[in-house]
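*Asks:* Got a structure for you, written out below as structure tokens; questions coming shortly.
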Amino acid sequence: MTATTTYDRFVGLLTKGFGVEADEVSPESTFADLELDSLALVELTLAAQEEFGITLTEDDLQATSTMTEAAGTLDAKLVTVR
């Protein structure tokens with residue numbers, strides 16, 4: 001799986017379930033930029049775990065993480081699952 005595919009799937013999660021418009025998201029956007037609070041980050045973490053079939057810790061997705069960093073974290077977790 002490529003980073004682009006992971007990135008696109010992750011952005012899809014944000015736009016489908018968290019009220020974020022696709023045009024608001026860029027690779028450099030942070031969760032704080034997108035105005036996701038700590039509860040939304042927990043919900044997003046759970047949604048990402050289900051979508052990607054991986055386990056994430058509460059430290060994996062932080063308010064200051066960029067979308068590129070988040071996709072990289074997901075990719076790294078996907079590699080360990082295979």
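To be explicit about the labels: the chains of the structure tokens are called A, B, and onward in the order shown, and within each one the residues are counted from 1, while ligands get numbers from 1 in the order they are shown.
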Env of A:Met67: 10 Å cut, atoms = only C-alpha atoms, seq-sep filter 4 positions within chain, self excluded. Answer as JSON, numbers by chain.
*Replies:* {"A": [7, 8, 10, 11, 25, 26, 27, 28, 29, 30, 31, 61, 71, 72, 73]}
*Asks:* Write out the residues from the selection above, keeping all heavy atoms, as a JSON list (two decimals), in the first residue's frame.
*Replies:*
```
[["chain", "number", "residue", "atom", "x", "y", "z"],
["A", 7, "TYR", "N", -3.03, 7.98, 2.62],
["A", 7, "TYR", "CA", -3.41, 9.38, 2.82],
["A", 7, "TYR", "C", -4.84, 9.61, 2.34],
["A", 7, "TYR", "O", -5.67, 10.19, 3.05],
["A", 7, "TYR", "CB", -2.42, 10.29, 2.09],
["A", 7, "TYR", "CG", -2.80, 11.75, 2.13],
["A", 7, "TYR", "CD1", -2.41, 12.55, 3.21],
["A", 7, "TYR", "CD2", -3.53, 12.33, 1.11],
["A", 7, "TYR", "CE1", -2.77, 13.88, 3.26],
["A", 7, "TYR", "CE2", -3.88, 13.67, 1.15],
["A", 7, "TYR", "CZ", -3.50, 14.44, 2.23],
["A", 7, "TYR", "OH", -3.86, 15.77, 2.28],
["A", 8, "ASP", "N", -5.15, 9.15, 1.14],
["A", 8, "ASP", "CA", -6.48, 9.37, 0.57],
["A", 8, "ASP", "C", -7.56, 8.68, 1.40],
["A", 8, "ASP", "O", -8.63, 9.26, 1.64],
["A", 8, "ASP", "CB", -6.54, 8.87, -0.88],
["A", 8, "ASP", "CG", -5.71, 9.73, -1.83],
["A", 8, "ASP", "OD1", -5.39, 10.88, -1.49],
["A", 8, "ASP", "OD2", -5.36, 9.22, -2.91],
["A", 10, "PHE", "N", -7.37, 7.99, 4.57],
["A", 10, "PHE", "CA", -7.45, 8.70, 5.84],
["A", 10, "PHE", "C", -8.24, 10.00, 5.70],
["A", 10, "PHE", "O", -9.11, 10.31, 6.51],
["A", 10, "PHE", "CB", -6.04, 8.95, 6.38],
["A", 10, "PHE", "CG", -6.03, 9.50, 7.77],
["A", 10, "PHE", "CD1", -6.47, 8.74, 8.83],
["A", 10, "PHE", "CD2", -5.60, 10.79, 8.01],
["A", 10, "PHE", "CE1", -6.48, 9.26, 10.13],
["A", 10, "PHE", "CE2", -5.59, 11.31, 9.29],
["A", 10, "PHE", "CZ", -6.04, 10.54, 10.35],
["A", 11, "VAL", "N", -7.96, 10.75, 4.65],
["A", 11, "VAL", "CA", -8.71, 11.98, 4.40],
["A", 11, "VAL", "C", -10.18, 11.65, 4.16],
["A", 11, "VAL", "O", -11.07, 12.38, 4.62],
["A", 11, "VAL", "CB", -8.11, 12.78, 3.21],
["A", 11, "VAL", "CG1", -9.01, 13.93, 2.80],
["A", 11, "VAL", "CG2", -6.72, 13.31, 3.59],
["A", 25, "VAL", "N", -8.41, 20.18, 3.67],
["A", 25, "VAL", "CA", -7.32, 19.30, 4.07],
["A", 25, "VAL", "C", -6.17, 19.38, 3.07],
["A", 25, "VAL", "O", -6.37, 19.29, 1.86],
["A", 25, "VAL", "CB", -7.80, 17.83, 4.15],
["A", 25, "VAL", "CG1", -6.67, 16.92, 4.61],
["A", 25, "VAL", "CG2", -9.00, 17.71, 5.07],
["A", 26, "SER", "N", -4.97, 19.58, 3.61],
["A", 26, "SER", "CA", -3.76, 19.51, 2.80],
["A", 26, "SER", "C", -2.77, 18.62, 3.54],
["A", 26, "SER", "O", -2.96, 18.33, 4.72],
["A", 26, "SER", "CB", -3.16, 20.91, 2.59],
["A", 26, "SER", "OG", -2.54, 21.36, 3.79],
["A", 27, "PRO", "N", -1.73, 18.16, 2.87],
["A", 27, "PRO", "CA", -0.76, 17.30, 3.55],
["A", 27, "PRO", "C", -0.14, 17.95, 4.79],
["A", 27, "PRO", "O", 0.24, 17.26, 5.73],
["A", 27, "PRO", "CB", 0.30, 17.05, 2.47],
["A", 27, "PRO", "CG", -0.45, 17.17, 1.19],
["A", 27, "PRO", "CD", -1.46, 18.26, 1.44],
["A", 28, "GLU", "N", -0.08, 19.29, 4.81],
["A", 28, "GLU", "CA", 0.52, 20.00, 5.95],
["A", 28, "GLU", "C", -0.48, 20.35, 7.04],
["A", 28, "GLU", "O", -0.11, 20.86, 8.09],
["A", 28, "GLU", "CB", 1.20, 21.30, 5.47],
["A", 28, "GLU", "CG", 2.33, 21.09, 4.50],
["A", 28, "GLU", "CD", 1.84, 20.86, 3.06],
["A", 28, "GLU", "OE1", 0.78, 21.41, 2.69],
["A", 28, "GLU", "OE2", 2.49, 20.11, 2.32],
["A", 29, "SER", "N", -1.77, 20.12, 6.80],
["A", 29, "SER", "CA", -2.80, 20.43, 7.80],
["A", 29, "SER", "C", -2.57, 19.58, 9.05],
["A", 29, "SER", "O", -2.25, 18.39, 8.95],
["A", 29, "SER", "CB", -4.20, 20.10, 7.27],
["A", 29, "SER", "OG", -4.53, 20.86, 6.16],
["A", 30, "THR", "N", -2.75, 20.20, 10.20],
["A", 30, "THR", "CA", -2.73, 19.45, 11.45],
["A", 30, "THR", "C", -4.17, 19.23, 11.91],
["A", 30, "THR", "O", -5.09, 19.88, 11.42],
["A", 30, "THR", "CB", -1.96, 20.20, 12.56],
["A", 30, "THR", "OG1", -2.68, 21.40, 12.89],
["A", 30, "THR", "CG2", -0.53, 20.52, 12.14],
["A", 31, "PHE", "N", -4.34, 18.33, 12.86],
["A", 31, "PHE", "CA", -5.69, 18.12, 13.41],
["A", 31, "PHE", "C", -6.18, 19.38, 14.09],
["A", 31, "PHE", "O", -7.37, 19.69, 14.04],
["A", 31, "PHE", "CB", -5.70, 16.92, 14.36],
["A", 31, "PHE", "CG", -5.37, 15.64, 13.67],
["A", 31, "PHE", "CD1", -4.17, 14.97, 13.93],
["A", 31, "PHE", "CD2", -6.22, 15.10, 12.74],
["A", 31, "PHE", "CE1", -3.86, 13.80, 13.28],
["A", 31, "PHE", "CE2", -5.92, 13.91, 12.08],
["A", 31, "PHE", "CZ", -4.73, 13.26, 12.35],
["A", 61, "LEU", "N", -1.84, 9.61, 17.01],
["A", 61, "LEU", "CA", -2.43, 10.76, 16.33],
["A", 61, "LEU", "C", -2.58, 11.89, 17.34],
["A", 61, "LEU", "O", -3.36, 11.79, 18.27],
["A", 61, "LEU", "CB", -3.80, 10.40, 15.74],
["A", 61, "LEU", "CG", -3.83, 9.25, 14.74],
["A", 61, "LEU", "CD1", -5.26, 9.01, 14.26],
["A", 61, "LEU", "CD2", -2.90, 9.50, 13.57],
["A", 71, "ALA", "N", -0.57, 9.76, 7.97],
["A", 71, "ALA", "CA", -0.53, 8.71, 6.95],
["A", 71, "ALA", "C", 0.73, 7.86, 7.10],
["A", 71, "ALA", "O", 0.69, 6.64, 6.93],
["A", 71, "ALA", "CB", -0.61, 9.32, 5.55],
["A", 72, "GLY", "N", 1.85, 8.49, 7.43],
["A", 72, "GLY", "CA", 3.10, 7.75, 7.65],
["A", 72, "GLY", "C", 2.99, 6.81, 8.83],
["A", 72, "GLY", "O", 3.48, 5.68, 8.79],
["A", 73, "THR", "N", 2.35, 7.27, 9.90],
["A", 73, "THR", "CA", 2.13, 6.41, 11.08],
["A", 73, "THR", "C", 1.28, 5.21, 10.70],
["A", 73, "THR", "O", 1.58, 4.08, 11.08],
["A", 73, "THR", "CB", 1.46, 7.22, 12.21],
["A", 73, "THR", "OG1", 2.34, 8.28, 12.61],
["A", 73, "THR", "CG2", 1.12, 6.35, 13.40]]
```
*Asks:* Fewer than 5 positions away in the same chain doesn't count, so skip those; otherwise give me all residues within 9 Å of stretch 32-41 of chain A, counting only C-alpha atoms, as number ranges by chain.
*Replies:* A: 18, 20, 24-25, 46, 58, 61-65
*Asks:* In terms of the shortest atom-to-atom distance over only C-alpha atoms, which of A:Thr57, A:Ala22, A:Ala76, A:Val42 is closest to A:Arg9?
*Replies:* A:Ala22
*Asks:* Using only C-alpha atoms, which protein or nucleic acid residues come within 9 Å of A:Thr55? Drop anything in the same chain fewer than 2 positions from it, and give the result as a JSON list (two decimals) with C-alpha atoms, in the first residue's frame.
*Replies:*
```json
[["chain", "number", "residue", "atom", "x", "y", "z"],
["A", 45, "THR", "CA", -8.24, 6.91, 16.08],
["A", 46, "LEU", "CA", -10.95, 4.27, 16.57],
["A", 48, "ALA", "CA", -8.76, 4.51, 11.59],
["A", 49, "GLN", "CA", -8.15, 1.29, 13.52],
["A", 50, "GLU", "CA", -11.31, -0.19, 12.05],
["A", 52, "PHE", "CA", -7.04, -0.07, 8.36],
["A", 53, "GLY", "CA", -7.20, -3.14, 10.62],
["A", 57, "THR", "CA", -2.16, 4.15, 20.71],
["A", 77, "LYS", "CA", 1.55, 0.17, 11.44]]
```
*Asks:* Please, what distance in Å, to one decimal, runs between atom CA of A:Gly12 and atom CA of A:Asp60?
*Replies:*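 So the answer is 18.5 Å.
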